[in-house]
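What follows is the content of final_32.cif, which has mmCIF, C-alpha atoms:
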data_my_file
#
loop_
_atom_site.label_atom_id
_atom_site.label_comp_id
_atom_site.auth_asym_id
_atom_site.auth_seq_id
_atom_site.Cartn_x
_atom_site.Cartn_y
_atom_site.Cartn_z
CA MET A 296 174.87 135.67 166.06
CA GLY A 297 176.38 133.26 163.61
CA PHE A 298 174.95 130.23 161.94
CA LEU A 299 177.00 127.83 164.07
CA GLU A 300 175.84 129.45 167.30
CA GLU A 301 172.21 129.08 166.24
CA ALA A 302 172.80 125.48 165.18
CA GLU A 303 174.30 124.68 168.59
CA LYS A 304 171.28 126.12 170.35
CA ILE A 305 168.88 124.21 168.10
CA ALA A 306 170.82 121.01 168.77
CA GLY A 307 170.46 121.68 172.51
CA ALA A 308 166.73 122.09 172.11
CA VAL A 309 166.41 118.87 170.12
CA ALA A 310 168.52 116.96 172.65
CA ALA A 311 166.37 118.23 175.52
CA VAL A 312 163.16 117.17 173.78
CA GLU A 313 164.55 113.72 173.00
CA ALA A 314 165.67 113.30 176.61
CA THR A 315 162.20 114.29 177.78
CA LYS A 316 160.63 111.70 175.47
CA LYS A 317 162.96 109.02 176.86
CA LEU A 318 162.12 109.91 180.46
CA ASP A 319 158.39 110.33 179.88
CA PRO A 320 157.04 108.73 176.68
CA ASN A 321 153.61 110.22 177.40
CA ALA A 322 154.89 113.78 177.85
CA SER A 323 152.50 116.45 176.67
CA ILE A 324 153.33 118.95 173.95
CA LEU A 325 153.67 121.65 176.62
CA THR A 326 156.29 119.57 178.45
CA GLU A 327 158.19 119.05 175.22
CA ALA A 328 157.98 122.77 174.43
CA ALA A 329 159.32 123.65 177.89
CA ALA A 330 162.20 121.20 177.38
CA ALA A 331 162.98 122.72 173.99
CA ILE A 332 163.12 126.23 175.44
CA ALA A 333 165.24 125.08 178.37
CA GLY A 334 167.66 123.30 176.03
CA PHE A 335 167.91 126.30 173.72
CA GLU A 336 168.51 128.77 176.55
CA GLY A 337 170.76 126.35 178.43
CA VAL A 338 173.23 126.11 175.57
CA GLY A 339 173.33 129.90 175.40
CA ALA A 340 174.02 130.16 179.13
CA VAL A 341 176.85 127.64 178.99
CA GLU A 342 178.33 129.42 175.99
CA GLU A 343 178.26 132.78 177.81
CA HIS A 344 179.86 131.23 180.89
CA PHE A 345 182.82 129.93 178.93
CA GLU A 346 183.21 133.19 177.02
CA LYS A 347 183.41 135.11 180.30
CA LYS A 348 185.88 132.59 181.69
CA GLU A 349 188.11 133.02 178.61
CA GLU A 350 187.95 136.82 178.97
CA GLU A 351 188.95 136.61 182.63
CA GLN A 352 191.96 134.46 181.81
CA SER A 353 193.15 136.89 179.14
#

So that I can check it, write out the structure of this file as structure tokens.
Amino acid sequence: MGFLEEAEKIAGAVAAVEATKKLDPNASILTEAAAAIAGFEGVGAVEEHFEKKEEEQS
């Protein structure tokens, strides 16, 4: 896994935490942690989806 792939996933985690803070300013640390994990994993899932789609078109 390259540096850019990891940076994309970290950016997804940060974006998810910031969105959670905007929606619920009083969110607990556990809620923020869950959002970070979901953002990190979500970027990975989207990336895999598009990779498979590219392979199918080839």

(Q) as a list in words, please: the residues near Phe335 in chain A (cut-off 9 Å, all atoms listed in the file, same-chain neighbours under 2 positions excluded). (A)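 Within the cut-off, the hits are Glu303, Lys304, Ile305, Ala306, Gly307, Ala308, Val309, Ala311, Ala330, Ala331, Ile332, Ala333, Gly337, Val338 and Gly339 of chain A.
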
Ground truth for the PyMOL selection byres ((chain A and resi 327) around 9), written as a PDB file with C-alpha atoms, in the coordinates of the input:
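Output file part04.pdb follows:
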ATOM      1  CA  ALA A 311     166.370 118.230 175.520  1.00  0.00           C
ATOM      2  CA  VAL A 312     163.160 117.170 173.780  1.00  0.00           C
ATOM      3  CA  GLU A 313     164.550 113.720 173.000  1.00  0.00           C
ATOM      4  CA  THR A 315     162.200 114.290 177.780  1.00  0.00           C
ATOM      5  CA  LYS A 316     160.630 111.700 175.470  1.00  0.00           C
ATOM      6  CA  ALA A 322     154.890 113.780 177.850  1.00  0.00           C
ATOM      7  CA  SER A 323     152.500 116.450 176.670  1.00  0.00           C
ATOM      8  CA  ILE A 324     153.330 118.950 173.950  1.00  0.00           C
ATOM      9  CA  LEU A 325     153.670 121.650 176.620  1.00  0.00           C
ATOM     10  CA  THR A 326     156.290 119.570 178.450  1.00  0.00           C
ATOM     11  CA  ALA A 328     157.980 122.770 174.430  1.00  0.00           C
ATOM     12  CA  ALA A 329     159.320 123.650 177.890  1.00  0.00           C
ATOM     13  CA  ALA A 330     162.200 121.200 177.380  1.00  0.00           C
ATOM     14  CA  ALA A 331     162.980 122.720 173.990  1.00  0.00           C
ATOM     15  CA  ILE A 332     163.120 126.230 175.440  1.00  0.00           C
TER      16      ILE A 332
END

CA of Asp319 in chain A to CA of Val341 in chain A, straight-line distance in Å =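 That distance, rounded to one decimal, is 25.3 Å.
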